[in-house]
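Notes for the one structure printed next.
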Amino acid sequence: MAENHDADALVTSTDPLHPANLIPELCASFYRLGWVTGTGGGICIRTGDKVYIAPSGVQKERIEPSHIFVLPYPQPDPSPHTDRIFLRRPKLNLKESACTPLFWNAFEKRNAGSCIHTHSQNAVMATLLWEGDLFEISHQMIKGVRTGGNGKTLSYLDTLKVPIIANTPDEEDLKDSMAEAMEKYPDAAAILVRRHGIYVWGDDWQKAKTQTECLDYLFEIGVKMKLAGIPTVLNN
Ligand SMILES: CSC[C@@H](O)[C@@H](O)C(=O)COP(=O)(O)O
Ligand SMILES: [Zn+2]
């Protein structure tokens with residue numbers, strides 16, 4: 001699929017809700033929460049057959065719409081050995097986010113419309129204090145989290161379980177272990193990466209964002225409870 005001369009139109013809009021405008025705005029708000037500092041973290045948005053992705057290794061709070069990559073979804077040849085196809089690339093010498101294969105897991109395995117990656121210290125602390133492969137909490141405000149990230153919202157009496165996978169030096173290498181965890185735990189709404197952060201998805205950017213907020217709140221309170229010696233899971 002060739003990039004055509006109108007490619008810039010894919011990231012040019014006066015609509016504040018256009019993905020090319022939303023990604024910079026949302027990244028700036030995530031920066032203020034401490035989720036995407038030091039160039040880490042980010043968000044991607046899929047609208048039907050197009051995926052909008054931020055550049056790699058840049059100050060995420062200073063992205064402009066013209067910096068956004070647009071890719072077709074699905075990719076014409078999804079083999080990991082073929083080069084990625086783009087509908088539009090920035091004119092600057094930028095590379096797409098290293099998280100692209102992980103965002104793709106959320107699209108392919110959960111039909112997500114958006115995926116958020118944060119380096120929130122609440123999420124990272126949760127991966128350090130929960131030593132197994134699951135973060136668990138119950139009897140808290142978990143109602144904003146959906147089963148599988150796209151199903152029914154959880155109830156106060158449910159136990160929220162978020163799988164934890166090991167980090168790797170290169171983000172691309174997390175793709176398979178993230179996919180395995182998503183298959184092993186089909187009800188999981190997100191995947192934690194130990195000593196790194198979290199990937200959260202949703203049907204659209206609003207649901208991905210609110211679920212990331214809910215989860216971050218739960219990690220924060222869960223970490224405080226654990227440090228205070230309070231059990232985070234109660235029998236119903
Ligand atoms: C701040 S280093 C970590 C990054 O390599 C990665 O995990 C990340 O969060 C963002 O990757 P990026 O390629 O800049 O979008
Ligand atoms: Zn990261």
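Residue numbering restarts at 1 in every chain; chains get A, B, ... in the order shown in the structure tokens, and ligands count up from 1 in that same order.
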Please report as a tab-separated table every residue of chain A lying within 6 Å of ligand 2, along with the nearest atom pair and their distance in Å (one decimal), using only C-alpha atoms and all ligand atoms.
residue	atom	partner	partner_atom_place_in_ligand_line	distance
A:Gly40	CA	ligand 2	1 (Zn)	5.1
A:Gly41	CA	ligand 2	1 (Zn)	4.9
A:His119	CA	ligand 2	1 (Zn)	6.0
Go ahead and save the picked residues with C-alpha atoms, as a compact mmCIF listing (two decimals), in the first residue's frame.
# COMPACT_ATOMS: atom_id res chain seq x y z
CA GLY A 40 8.15 6.64 28.16
CA GLY A 41 4.56 5.46 27.85
CA HIS A 119 5.20 3.97 33.58
**Message:** I'd like the contact shell of Leu128 (chain A) - 8 Å cut-off, only C-alpha atoms, skipping same-chain residues fewer than 3 positions apart - returned as a list in words.
**Reply:** Val124, Met125, Glu131, Arg194 and Arg195 of chain A
May I have the residues from that selection written out with C-alpha atoms, as a PDB file, in the first residue's frame?
ATOM      1  CA  VAL A 124       5.451  -0.480  38.992  1.00  0.00           C
ATOM      2  CA  MET A 125       5.212  -0.719  42.795  1.00  0.00           C
ATOM      3  CA  GLU A 131       5.628 -11.384  43.619  1.00  0.00           C
ATOM      4  CA  ARG A 194       7.316  -5.993  36.178  1.00  0.00           C
ATOM      5  CA  ARG A 195       9.671  -3.088  36.956  1.00  0.00           C
TER       6      ARG A 195
END
**Message:** Please identify the helix (DSSP H, G or I) residues within region 8-211 of chain A (assignment by DSSP from backbone atoms) and present them as a ChimeraX atom specification.
**Reply:** /A:8-11,19-32,37-39,60-62,65-67,100-110,121-129,147-149,171-184,205-211
With 9 Å as the cut-off and only C-alpha atoms counted, what is the closest atom pair between each nearby residue of region 10-98 of chain A and region 198-214 of chain A? Distances in Å to one decimal, ordered by chain and number, as JSON lines.
{"residue": "A:Leu26", "atom": "CA", "partner": "A:Lys209", "partner_atom": "CA", "distance": 8.9}
{"residue": "A:Gly41", "atom": "CA", "partner": "A:Ile198", "partner_atom": "CA", "distance": 8.8}
{"residue": "A:Ile43", "atom": "CA", "partner": "A:Trp205", "partner_atom": "CA", "distance": 8.5}
{"residue": "A:Cys44", "atom": "CA", "partner": "A:Trp205", "partner_atom": "CA", "distance": 8.3}
{"residue": "A:Ile45", "atom": "CA", "partner": "A:Trp205", "partner_atom": "CA", "distance": 6.5}
{"residue": "A:Arg46", "atom": "CA", "partner": "A:Asp204", "partner_atom": "CA", "distance": 7.8}
{"residue": "A:Thr47", "atom": "CA", "partner": "A:Asp204", "partner_atom": "CA", "distance": 8.3}
**Prompt:** So what do you get for CA of Asn122 (chain A) versus CA of Val223 (chain A), distance-wise?
**Reply:** 7.3 Å
Proximity check chain A to ligand 1, 7 Å, nearest pairs one decimal Å, only C-alpha atoms and all ligand atoms, as a Markdown table:
| residue | atom | partner | partner_atom_place_in_ligand_line | distance |
| --- | --- | --- | --- | --- |
| A:Gly38 | CA | ligand 1 | 1 (C) | 5.6 |
| A:Thr39 | CA | ligand 1 | 1 (C) | 5.1 |
| A:Gly40 | CA | ligand 1 | 9 (O) | 3.6 |
| A:Gly41 | CA | ligand 1 | 9 (O) | 3.6 |
| A:Gly42 | CA | ligand 1 | 15 (O) | 6.0 |
| A:Ala54 | CA | ligand 1 | 15 (O) | 6.7 |
| A:Pro55 | CA | ligand 1 | 15 (O) | 6.0 |
| A:Ser56 | CA | ligand 1 | 13 (O) | 3.4 |
| A:Gly57 | CA | ligand 1 | 14 (O) | 3.6 |
| A:Val58 | CA | ligand 1 | 14 (O) | 6.0 |
| A:Glu96 | CA | ligand 1 | 13 (O) | 6.7 |
| A:Ser97 | CA | ligand 1 | 15 (O) | 3.6 |
| A:Ala98 | CA | ligand 1 | 13 (O) | 3.6 |
| A:Cys99 | CA | ligand 1 | 15 (O) | 5.7 |
| A:His117 | CA | ligand 1 | 9 (O) | 6.5 |
| A:Thr118 | CA | ligand 1 | 9 (O) | 6.7 |
| A:His119 | CA | ligand 1 | 9 (O) | 6.7 |
| A:Asp170 | CA | ligand 1 | 5 (O) | 7.0 |
| A:Glu171 | CA | ligand 1 | 7 (O) | 5.7 |
Give me a file of those residues, with C-alpha atoms, as a CSV table (one decimal), in the first residue's frame.
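Generated file (out-v8.csv):
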chain,number,residue,atom,x,y,z
A,38,GLY,CA,11.1,10.7,30.3
A,39,THR,CA,9.7,9.9,26.8
A,40,GLY,CA,8.2,6.6,28.2
A,41,GLY,CA,4.6,5.5,27.8
A,42,GLY,CA,2.0,6.6,25.4
A,54,ALA,CA,3.0,8.4,18.4
A,55,PRO,CA,6.7,8.6,17.7
A,56,SER,CA,9.3,6.7,19.7
A,57,GLY,CA,11.7,8.3,22.2
A,58,VAL,CA,10.3,11.8,22.1
A,96,GLU,CA,7.0,4.7,15.4
A,97,SER,CA,6.6,3.8,19.1
A,98,ALA,CA,8.5,0.7,20.2
A,99,CYS,CA,5.2,-0.4,21.8
A,117,HIS,CA,1.0,2.3,28.2
A,118,THR,CA,2.1,4.0,31.4
A,119,HIS,CA,5.2,4.0,33.6
A,170,ASP,CA,13.5,-4.3,24.2
A,171,GLU,CA,9.7,-3.6,24.2
**Message:** Run DSSP on the backbone and tell me which residues of region 79-214 of chain A come out as strand (DSSP E); list them as a ChimeraX atom specification.
**Reply:** /A:114-118,134-138,159-165,190-193,197-202
**Message:** Given only C-alpha atoms as the basis, pick out the residue of A:Asp15, A:Lys60, A:Lys91, A:Val162 nearest to Trp130 (chain A).
**Reply:** A:Val162
**Prompt:** Which value, in Å to one decimal, gives the distance between CA of Cys27 (chain A) and CA of Gln121 (chain A)?
**Reply:**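 Between CA of Cys27 (chain A) and CA of Gln121 (chain A) the gap is 16.6 Å.
Those residues that approach Glu25 (chain A) to within 12 Å, counting only C-alpha atoms, are A:Pro16, A:Leu17, A:His18, A:Pro19, A:Ala20, A:Asn21, A:Leu22, A:Ile23, A:Cys27, A:Ala28, A:Ser29, A:Phe30, A:Tyr31, A:Arg32, A:Gly42, A:Ile43, A:Ala54, A:Lys60, A:Glu61, A:Arg62, A:Ile63, A:Glu64, A:Pro65; same-chain residues fewer than 2 positions away are not listed.
Take the candidates A:Thr153, A:Ser79, A:Ser138, A:Thr147 and check each one against Leu234 (chain A) using only C-alpha atoms; the shortest distance goes to A:Ser138.
Nearest-residue note for Leu87 (chain A): choosing from A:Arg146, A:Arg110, A:Val36, A:Ala7, the minimum distance belongs to A:Ala7, counting only C-alpha atoms.
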**Request:** May I ask for the distance between CA of Asp158 (chain A) and CA of Met182 (chain A), given in Å to one decimal place?
**Result:**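 Separation of CA of Asp158 (chain A) and CA of Met182 (chain A): 19.0 Å.
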**Asked** Which residue, A:Asp176, A:Glu108, A:Asp83, A:Asp216, has the smallest gap to Gly34 (chain A) when you use only C-alpha atoms?
**Response**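 Of the candidates, the smallest distance to Gly34 (chain A) is held by A:Asp216.
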**Prompt:** For Ala190 (chain A), which residue among A:Lys226, A:Lys143, A:Lys161, A:Arg88 is the nearest when counting only C-alpha atoms?
**Reply:** A:Lys161
